[in-house]
$ cat entry-v9.txt   # compact mmCIF, C-alpha atoms
# COMPACT_ATOMS: atom_id res chain seq x y z
CA ASP A 1 22.64 19.34 -1.57
CA VAL A 2 20.52 16.22 -1.01
CA ASP A 3 22.00 13.36 0.98
CA THR A 4 19.03 10.98 0.88
CA ALA A 5 16.10 10.74 -1.55
CA ILE A 6 13.01 8.63 -0.76
CA TYR A 7 11.25 6.86 -3.63
CA LEU A 8 7.58 5.97 -3.03
CA VAL A 9 6.24 5.86 -6.60
CA HIS A 10 4.06 3.24 -8.28
CA SER A 11 1.91 3.63 -11.38
CA MET A 12 -0.95 1.15 -10.93
CA MET A 13 -3.57 3.75 -11.83
CA PRO A 14 -5.68 4.41 -14.96
CA SER A 15 -3.56 7.48 -15.80
CA ALA A 16 -0.63 5.20 -16.67
CA LYS A 17 -2.59 4.10 -19.74
CA LEU A 18 -2.40 7.63 -21.18
CA THR A 19 1.10 6.75 -22.39
CA GLN A 20 -0.14 3.40 -23.77
CA ALA A 21 2.27 1.75 -21.36
CA SER A 22 1.73 -1.07 -18.89
CA PHE A 23 2.28 -0.22 -15.24
CA GLU A 24 5.44 -2.36 -15.31
CA ASP A 25 6.90 -0.29 -18.16
CA MET A 26 5.88 2.96 -16.50
CA ASP A 27 7.35 1.90 -13.15
CA ALA A 28 10.65 0.98 -14.80
CA LEU A 29 10.81 4.27 -16.71
CA LEU A 30 10.02 6.37 -13.63
CA ALA A 31 12.57 4.53 -11.49
CA ASP A 32 15.24 4.96 -14.15
CA ASN A 33 14.52 8.69 -14.51
CA PHE A 34 14.66 9.12 -10.74
CA ALA A 35 17.95 7.24 -10.39
CA ARG A 36 19.54 9.18 -13.26
CA ALA A 37 18.47 12.49 -11.72
CA ALA A 38 19.71 11.39 -8.30
CA GLN A 39 23.11 10.51 -9.75
CA LYS A 40 23.32 13.83 -11.60
CA GLN A 41 22.50 15.78 -8.43
CA GLY A 42 25.00 13.90 -6.29
CA VAL A 43 22.47 12.11 -4.07
CA LYS A 44 24.33 9.81 -1.71
CA HIS A 45 21.55 7.42 -0.66
CA ILE A 46 18.16 6.27 -1.99
CA VAL A 47 15.46 4.82 0.28
CA TYR A 48 12.86 2.80 -1.64
CA MET A 49 9.46 1.54 -0.46
CA SER A 50 8.76 -1.87 -2.00
CA GLY A 51 6.74 -5.03 -1.36
CA LEU A 52 7.60 -8.28 0.36
CA ILE A 53 9.15 -10.60 -2.22
CA PRO A 54 8.36 -14.33 -1.87
CA GLU A 55 11.28 -16.66 -2.56
CA ASN A 56 11.20 -19.74 -4.77
CA ASP A 57 7.94 -18.59 -6.33
CA GLU A 58 6.84 -17.31 -9.72
CA LEU A 59 6.13 -13.68 -8.94
CA SER A 60 3.04 -11.76 -10.01
CA ALA A 61 3.52 -8.80 -12.37
CA HIS A 62 3.08 -6.43 -9.42
CA LEU A 63 5.86 -8.01 -7.37
CA ARG A 64 8.13 -8.46 -10.40
CA SER A 65 7.77 -4.74 -11.05
CA ARG A 66 8.61 -3.85 -7.44
CA LEU A 67 11.75 -5.99 -7.62
CA GLU A 68 12.73 -4.61 -11.04
CA CYS A 69 12.46 -1.04 -9.74
CA GLU A 70 14.66 -1.97 -6.81
CA LYS A 71 17.34 -3.20 -9.23
CA ILE A 72 17.00 -0.19 -11.55
CA LEU A 73 17.42 2.27 -8.69
CA GLY A 74 20.65 0.50 -7.77
CA ASP A 75 22.11 0.62 -11.29
CA TYR A 76 23.63 4.09 -10.97
CA GLY A 77 26.13 3.58 -8.19
CA ILE A 78 24.03 5.05 -5.38
CA PRO A 79 23.43 2.81 -2.33
CA VAL A 80 19.76 1.81 -2.17
CA SER A 81 18.06 0.85 1.10
CA THR A 82 14.80 -0.94 0.33
CA LEU A 83 12.01 -1.33 2.88
CA ARG A 84 9.73 -4.20 1.87
CA ALA A 85 6.21 -4.44 3.28
CA GLY A 86 3.11 -6.48 2.58
CA LEU A 87 -0.34 -5.05 3.31
CA ILE A 88 0.06 -1.56 4.78
CA ILE A 89 -2.88 -0.47 6.94
CA GLY A 90 -3.42 3.25 6.45
CA ALA A 91 -6.29 5.51 5.45
CA LYS A 92 -4.70 6.56 2.15
CA GLY A 93 -2.98 3.30 1.28
CA SER A 94 -3.57 1.16 -1.81
CA SER A 95 -4.89 -2.05 -0.23
CA TYR A 96 -6.58 -0.97 3.01
CA PRO A 97 -9.50 0.89 1.32
CA ILE A 98 -10.24 -2.25 -0.71
CA LEU A 99 -10.29 -4.39 2.43
CA LYS A 100 -12.49 -1.97 4.35
CA ARG A 101 -15.01 -1.54 1.53
CA LEU A 102 -15.36 -5.28 1.02
CA VAL A 103 -16.03 -5.86 4.70
CA LYS A 104 -18.50 -2.97 4.96
CA ARG A 105 -20.42 -3.64 1.76
CA LEU A 106 -20.70 -7.43 1.57
CA PRO A 107 -23.47 -9.19 3.56
CA ALA A 108 -21.41 -12.40 3.44
CA MET A 109 -18.16 -13.53 1.87
CA VAL A 110 -17.10 -16.63 -0.03
CA LEU A 111 -13.49 -17.62 0.57
CA PRO A 112 -11.34 -18.86 -2.32
CA SER A 113 -8.22 -20.91 -1.65
CA TRP A 114 -6.05 -17.77 -1.40
CA ALA A 115 -7.92 -16.80 1.78
CA TYR A 116 -5.66 -19.25 3.63
CA ASN A 117 -2.40 -17.80 2.37
CA LYS A 118 -0.35 -15.98 4.99
CA ILE A 119 0.14 -12.25 5.33
CA ALA A 120 1.90 -9.97 7.79
CA PRO A 121 0.05 -6.62 7.76
CA VAL A 122 1.79 -3.53 9.10
CA ALA A 123 0.54 -0.12 10.28
CA ILE A 124 1.43 2.91 8.17
CA ASP A 125 2.91 4.59 11.25
CA ASP A 126 5.33 1.68 11.71
CA VAL A 127 6.27 1.91 8.03
CA ILE A 128 6.97 5.64 8.36
CA ASP A 129 9.16 4.91 11.38
CA GLY A 130 10.96 2.28 9.32
CA LEU A 131 11.60 4.70 6.46
CA ALA A 132 12.88 7.30 8.92
CA ALA A 133 15.22 4.71 10.43
CA LEU A 134 16.63 3.89 7.00
CA VAL A 135 17.20 7.58 6.26
CA ASN A 136 19.27 7.84 9.44
CA ARG A 137 20.99 4.47 8.94
CA THR A 138 24.46 4.28 7.39
CA PRO A 139 23.66 3.05 3.86
CA LYS A 140 24.90 -0.30 2.63
CA ASP A 141 25.05 -1.26 -1.03
CA ASN A 142 21.54 -2.23 -2.12
CA GLU A 143 20.25 -3.55 1.20
CA ALA A 144 16.69 -4.92 1.47
CA ILE A 145 14.89 -5.05 4.82
CA ASP A 146 11.46 -6.58 5.49
CA ILE A 147 9.00 -4.82 7.80
CA THR A 148 5.79 -6.28 9.22
CA GLY A 149 3.39 -5.86 12.08
CA PRO A 150 3.65 -8.00 15.22
CA GLU A 151 1.46 -10.81 13.81
CA VAL A 152 1.29 -13.18 10.86
CA MET A 153 -2.21 -14.35 9.89
CA ASN A 154 -4.12 -15.63 6.88
CA TYR A 155 -6.47 -13.50 4.78
CA LYS A 156 -9.57 -15.08 6.34
CA THR A 157 -8.41 -13.98 9.79
CA LEU A 158 -7.50 -10.56 8.41
CA ILE A 159 -11.00 -10.10 7.01
CA GLN A 160 -12.72 -11.41 10.16
CA ARG A 161 -10.71 -9.17 12.48
CA THR A 162 -11.42 -6.17 10.26
CA ALA A 163 -15.13 -6.98 10.51
CA ASN A 164 -14.82 -7.19 14.31
CA VAL A 165 -13.27 -3.71 14.47
CA LEU A 166 -16.08 -2.40 12.27
CA ASP A 167 -18.62 -4.19 14.49
CA LYS A 168 -19.87 -6.04 11.41
CA ARG A 169 -21.20 -9.60 11.34
CA LEU A 170 -19.75 -11.21 8.22
CA PRO A 171 -20.65 -14.86 7.56
CA MET A 172 -18.02 -16.72 5.51
CA LEU A 173 -18.23 -19.77 3.27
CA ASP A 174 -15.24 -21.69 1.92
CA LEU A 175 -15.33 -22.06 -1.87
CA PRO A 176 -11.76 -22.94 -2.87
CA ILE A 177 -12.57 -23.60 -6.54
CA ILE A 178 -13.03 -19.88 -7.30
CA PRO A 179 -10.12 -18.82 -9.56
CA ILE A 180 -8.24 -15.59 -8.89
CA ILE A 181 -9.51 -14.10 -12.15
CA VAL A 182 -13.07 -14.30 -10.78
CA SER A 183 -12.05 -13.04 -7.33
CA ARG A 184 -10.41 -9.93 -8.70
CA TYR A 185 -13.49 -9.11 -10.80
CA TRP A 186 -15.94 -9.10 -7.88
CA VAL A 187 -13.44 -7.38 -5.56
CA GLN A 188 -13.09 -4.55 -8.09
CA LEU A 189 -16.85 -4.38 -8.56
CA ILE A 190 -17.63 -4.20 -4.83
CA SER A 191 -14.75 -1.94 -3.80
CA ASN A 192 -15.16 0.43 -6.77
CA VAL A 193 -11.38 0.85 -6.90
CA PRO A 194 -9.92 1.07 -10.44
CA LYS A 195 -9.10 -2.32 -11.93
CA GLU A 196 -5.63 -1.01 -12.76
CA MET A 197 -5.04 -1.04 -9.00
CA VAL A 198 -7.10 -4.07 -7.98
CA TYR A 199 -6.02 -6.64 -10.56
CA PRO A 200 -2.23 -6.47 -9.95
CA LEU A 201 -2.76 -6.51 -6.17
CA MET A 202 -5.17 -9.44 -6.37
CA ASN A 203 -2.80 -11.43 -8.56
CA SER A 204 -0.28 -11.23 -5.71
CA LEU A 205 -2.64 -12.96 -3.27
CA THR A 206 -1.45 -16.35 -4.48
CA HIS A 207 1.79 -15.79 -2.52
CA ASP A 208 2.46 -15.96 1.21
CA MET A 209 3.48 -12.37 2.03
CA VAL A 210 5.66 -12.93 5.07
CA PRO A 211 9.14 -11.74 6.08
CA HIS A 212 12.36 -13.66 5.51
CA ARG A 213 14.80 -14.18 8.36
CA LYS A 214 17.77 -12.93 6.37
CA ARG A 215 16.00 -9.60 5.77
CA VAL A 216 14.89 -9.03 9.36
CA VAL A 217 16.77 -6.30 11.24
CA SER A 218 16.52 -5.90 15.01
CA ASN A 219 14.52 -2.86 16.20
CA LEU A 220 13.37 -2.09 12.66
CA SER A 221 11.61 -5.03 11.00
CA VAL A 222 8.75 -5.67 13.45
CA GLY A 223 6.31 -2.87 14.19
CA ASN A 224 4.66 -2.34 17.56
CA ILE A 225 1.13 -1.47 16.46
CA THR A 226 -1.38 -4.34 16.57
CA PHE A 227 -3.61 -5.06 13.60
CA GLU A 228 -6.75 -3.88 15.41
CA ASP A 229 -5.09 -0.64 16.49
CA SER A 230 -3.84 0.01 12.96
CA VAL A 231 -7.38 -0.34 11.56
CA LYS A 232 -8.77 1.91 14.30
CA ARG A 233 -6.14 4.56 13.52
CA ALA A 234 -7.01 4.42 9.83
CA LEU A 235 -10.72 4.78 10.57
CA SER A 236 -10.02 7.72 12.90
CA GLU A 237 -7.94 9.47 10.24
CA GLU A 238 -10.67 8.97 7.66
CA GLN A 239 -13.24 10.45 10.04
CA THR A 240 -11.01 13.45 10.77
CA THR A 241 -10.43 14.06 7.06
CA SER A 242 -14.14 13.75 6.32
CA THR A 243 -15.00 16.24 9.10
CA LYS A 244 -12.44 18.76 7.82
CA LYS A 245 -13.79 18.48 4.27
CA SER A 246 -17.34 18.98 5.53
CA GLU A 247 -16.34 22.03 7.58
CA SER A 248 -14.44 23.47 4.62
CA LYS A 249 -17.42 22.92 2.33
CA ASN A 250 -19.79 24.56 4.82
CA SER A 251 -17.41 27.50 5.20
CA GLN A 252 -17.23 27.95 1.43
CA SER A 253 -21.02 27.77 1.14
CA PHE A 254 -21.41 30.37 3.90
CA GLY A 255 -18.87 32.59 2.15
CA ARG A 256 -20.75 32.40 -1.15
CA MET A 257 -24.04 33.13 0.61
CA HIS A 258 -22.49 36.10 2.44
CA GLN A 259 -21.14 37.48 -0.84
CA ALA A 260 -24.50 37.01 -2.54
CA LEU A 261 -26.24 38.97 0.23
CA LYS A 262 -23.68 41.75 -0.12
CA ASP A 263 -24.33 41.84 -3.87
CA VAL A 264 -28.09 42.02 -3.29
CA ARG A 265 -27.65 44.92 -0.85
CA ALA A 266 -25.40 46.69 -3.33
$ encode --input "entry-v9.txt" --output "structure tokens"
Amino acid sequence: DVDTAIYLVHSMMPSAKLTQASFEDMDALLADNFARAAQKQGVKHIVYMSGLIPENDELSAHLRSRLECEKILGDYGIPVSTLRAGLIIGAKGSSYPILKRLVKRLPAMVLPSWAYNKIAPVAIDDVIDGLAALVNRTPKDNEAIDITGPEVMNYKTLIQRTANVLDKRLPMLDLPIIPIIVSRYWVQLISNVPKEMVYPLMNSLTHDMVPHRKRVVSNLSVGNITFEDSVKRALSEEQTTSTKKSESKNSQSFGRMHQALKDVRA
């Protein structure tokens, strides 16, 4: 028997197009299938990872989809605990690799008006702790909780502090007239991340991604890891993964060479 099921799915990838569906349609279908299966198997609690939802704002397609999935998961009578986060800093996250590649690859950066919107980044380790806390928490009917790091900043500060961690000098120039449609094009080009991922995320930059008081829970909503430490942890994990891949590749090459020598001797 399964007491709690954790739902971490999104479909903002090129593969979603294989069904000729938009990512919103695919997200809704996957969430509905998951909730139906959970109900059939007698799951007592669903924990869902979502995004911070701005209030009194026209939501981007990405955030509308996150909110729609939250509602769909709750349509089958199973209590849903939703953890909502903004930018998650982690080596294998969706947004962090884009941020890191922009900072590393650009000699300078122009700042559109969205660079002064607010964001509350959070470390992946704090998010994992938050998910674990929700698993162990007595479920309430369709409860949403915001989680952030210890600081709120704007995107300009986020970019500058990332550059500082990377020991990169990154001159910046304000150019507020740049529309988001242009920003997302050059971000996709420089980061080399699929546009199916970049465009929906970039369209959400027009919102302030900060927590709401009514969705803040003591000892759960505010992580302990600073922004700089979260970036350093992500970089360290990337380096460890890269080293392991290199060692594995060298081991495989040695193995093939060893086998070839054995074949020659034979």
$ residues_around --input "entry-v9.txt" --residues "A:Leu235" --least-positions-apart "6" --cutoff "10 Å" --atoms "only C-alpha atoms" --output "PyMOL selection string"
chain A and resi 90-91+100+165-166+229+241
$ residues_around --input "entry-v9.txt" --residues "A:Gly93" --least-positions-apart "6" --cutoff "10 Å" --atoms "all atoms listed in the file" --output "PyMOL selection string"
chain A and resi 87+124+234
$ residues_around --input "entry-v9.txt" --residues "stretch 52-55 of chain A" --least-positions-apart "4" --cutoff "10 Å" --atoms "only C-alpha atoms" --output "JSON, numbers by chain"
{"A": [59, 60, 63, 64, 66, 67, 83, 84, 85, 86, 87, 119, 120, 144, 145, 146, 147, 148, 204, 207, 208, 209, 210, 211, 212]}
$ residues_around --input "entry-v9.txt" --residues "A:Ile78" --least-positions-apart "5" --cutoff "8 Å" --atoms "all atoms listed in the file" --output "list of chain:residue names"
A:Gln39, A:Val43, A:Lys44, A:His45, A:Ile46, A:Leu73, A:Asp141
$ atom_distance --input "entry-v9.txt" --atom1 "atom CA of A:Asp125" --atom2 "atom CA of A:Gln160"
22.4 Å
$ atom_distance --input "entry-v9.txt" --atom1 "atom CA of A:Glu143" --atom2 "atom CA of A:Asp25"
23.7 Å
$ residues_around --input "entry-v9.txt" --residues "A:Ile6" --least-positions-apart "2" --cutoff "10 Å" --atoms "all atoms listed in the file" --output "PDB file with C-alpha atoms, in the coordinates of the input"
ATOM      1  CA  THR A   4      19.030  10.980   0.880  1.00  0.00           C
ATOM      2  CA  LEU A   8       7.580   5.970  -3.030  1.00  0.00           C
ATOM      3  CA  VAL A   9       6.240   5.860  -6.600  1.00  0.00           C
ATOM      4  CA  HIS A  45      21.550   7.420  -0.660  1.00  0.00           C
ATOM      5  CA  ILE A  46      18.160   6.270  -1.990  1.00  0.00           C
ATOM      6  CA  VAL A  47      15.460   4.820   0.280  1.00  0.00           C
ATOM      7  CA  TYR A  48      12.860   2.800  -1.640  1.00  0.00           C
ATOM      8  CA  MET A  49       9.460   1.540  -0.460  1.00  0.00           C
ATOM      9  CA  VAL A  80      19.760   1.810  -2.170  1.00  0.00           C
ATOM     10  CA  SER A  81      18.060   0.850   1.100  1.00  0.00           C
ATOM     11  CA  THR A  82      14.800  -0.940   0.330  1.00  0.00           C
ATOM     12  CA  LEU A 131      11.600   4.700   6.460  1.00  0.00           C
ATOM     13  CA  ALA A 132      12.880   7.300   8.920  1.00  0.00           C
ATOM     14  CA  LEU A 134      16.630   3.890   7.000  1.00  0.00           C
ATOM     15  CA  VAL A 135      17.200   7.580   6.260  1.00  0.00           C
TER      16      VAL A 135
END
$ atom_distance --input "entry-v9.txt" --atom1 "atom CA of A:Ala108" --atom2 "atom CA of A:Pro150"
28.0 Å
$ closest_residue --input "entry-v9.txt" --among "A:Glu68, A:Arg233, A:Pro79, A:Ala21" --to "A:Ala5" --atoms "all atoms listed in the file"
A:Pro79
$ build_atoms --input "entry-v9.txt" --residues "stretch 141-169 of chain A" --atoms "N, CA and C atoms" --output "short mmCIF file (atom, residue, chain, number, x, y, z; two decimals), in the frame of the given file"
data_model
loop_
_atom_site.label_atom_id
_atom_site.label_comp_id
_atom_site.auth_asym_id
_atom_site.auth_seq_id
_atom_site.Cartn_x
_atom_site.Cartn_y
_atom_site.Cartn_z
N ASP A 141 25.36 -1.08 0.38
CA ASP A 141 25.05 -1.26 -1.03
C ASP A 141 23.82 -2.14 -1.21
N ASN A 142 22.75 -1.52 -1.70
CA ASN A 142 21.54 -2.23 -2.12
C ASN A 142 21.07 -3.26 -1.08
N GLU A 143 20.74 -2.73 0.09
CA GLU A 143 20.25 -3.55 1.20
C GLU A 143 18.73 -3.59 1.20
N ALA A 144 18.14 -4.77 1.38
CA ALA A 144 16.69 -4.92 1.47
C ALA A 144 16.31 -5.42 2.85
N ILE A 145 15.34 -4.72 3.47
CA ILE A 145 14.89 -5.05 4.82
C ILE A 145 13.38 -5.24 4.80
N ASP A 146 12.90 -6.33 5.39
CA ASP A 146 11.46 -6.58 5.49
C ASP A 146 10.91 -5.91 6.75
N ILE A 147 9.68 -5.38 6.63
CA ILE A 147 9.00 -4.82 7.80
C ILE A 147 7.57 -5.36 7.84
N THR A 148 7.13 -5.73 9.04
CA THR A 148 5.79 -6.28 9.22
C THR A 148 5.23 -5.77 10.55
N GLY A 149 3.96 -6.08 10.77
CA GLY A 149 3.39 -5.86 12.08
C GLY A 149 3.78 -6.99 13.02
N PRO A 150 3.26 -6.98 14.24
CA PRO A 150 3.65 -8.00 15.22
C PRO A 150 3.06 -9.38 14.98
N GLU A 151 2.13 -9.52 14.01
CA GLU A 151 1.46 -10.81 13.81
C GLU A 151 1.46 -11.25 12.35
N VAL A 152 1.54 -12.55 12.16
CA VAL A 152 1.29 -13.18 10.86
C VAL A 152 -0.06 -13.88 10.94
N MET A 153 -0.88 -13.74 9.91
CA MET A 153 -2.21 -14.35 9.89
C MET A 153 -2.55 -14.72 8.46
N ASN A 154 -3.68 -15.41 8.25
CA ASN A 154 -4.12 -15.63 6.88
C ASN A 154 -5.17 -14.58 6.52
N TYR A 155 -5.55 -14.54 5.23
CA TYR A 155 -6.47 -13.50 4.78
C TYR A 155 -7.86 -13.65 5.41
N LYS A 156 -8.28 -14.88 5.68
CA LYS A 156 -9.57 -15.08 6.34
C LYS A 156 -9.57 -14.40 7.70
N THR A 157 -8.52 -14.61 8.48
CA THR A 157 -8.41 -13.98 9.79
C THR A 157 -8.34 -12.46 9.66
N LEU A 158 -7.60 -11.99 8.67
CA LEU A 158 -7.50 -10.56 8.41
C LEU A 158 -8.87 -9.94 8.18
N ILE A 159 -9.67 -10.60 7.34
CA ILE A 159 -11.00 -10.10 7.01
C ILE A 159 -11.91 -10.14 8.24
N GLN A 160 -11.87 -11.26 8.98
CA GLN A 160 -12.72 -11.41 10.16
C GLN A 160 -12.39 -10.38 11.22
N ARG A 161 -11.11 -10.13 11.45
CA ARG A 161 -10.71 -9.17 12.48
C ARG A 161 -11.03 -7.74 12.06
N THR A 162 -10.98 -7.48 10.75
CA THR A 162 -11.42 -6.17 10.26
C THR A 162 -12.91 -5.99 10.52
N ALA A 163 -13.68 -7.03 10.25
CA ALA A 163 -15.13 -6.98 10.51
C ALA A 163 -15.41 -6.76 11.99
N ASN A 164 -14.63 -7.38 12.87
CA ASN A 164 -14.82 -7.19 14.31
C ASN A 164 -14.59 -5.74 14.71
N VAL A 165 -13.55 -5.11 14.16
CA VAL A 165 -13.27 -3.71 14.47
C VAL A 165 -14.42 -2.82 13.99
N LEU A 166 -14.98 -3.18 12.83
CA LEU A 166 -16.08 -2.40 12.27
C LEU A 166 -17.43 -2.78 12.88
N ASP A 167 -17.41 -3.71 13.84
CA ASP A 167 -18.62 -4.19 14.49
C ASP A 167 -19.62 -4.72 13.45
N LYS A 168 -19.08 -5.51 12.53
CA LYS A 168 -19.87 -6.04 11.41
C LYS A 168 -19.89 -7.56 11.47
N ARG A 169 -21.08 -8.14 11.44
CA ARG A 169 -21.20 -9.60 11.34
C ARG A 169 -21.02 -9.99 9.89
#
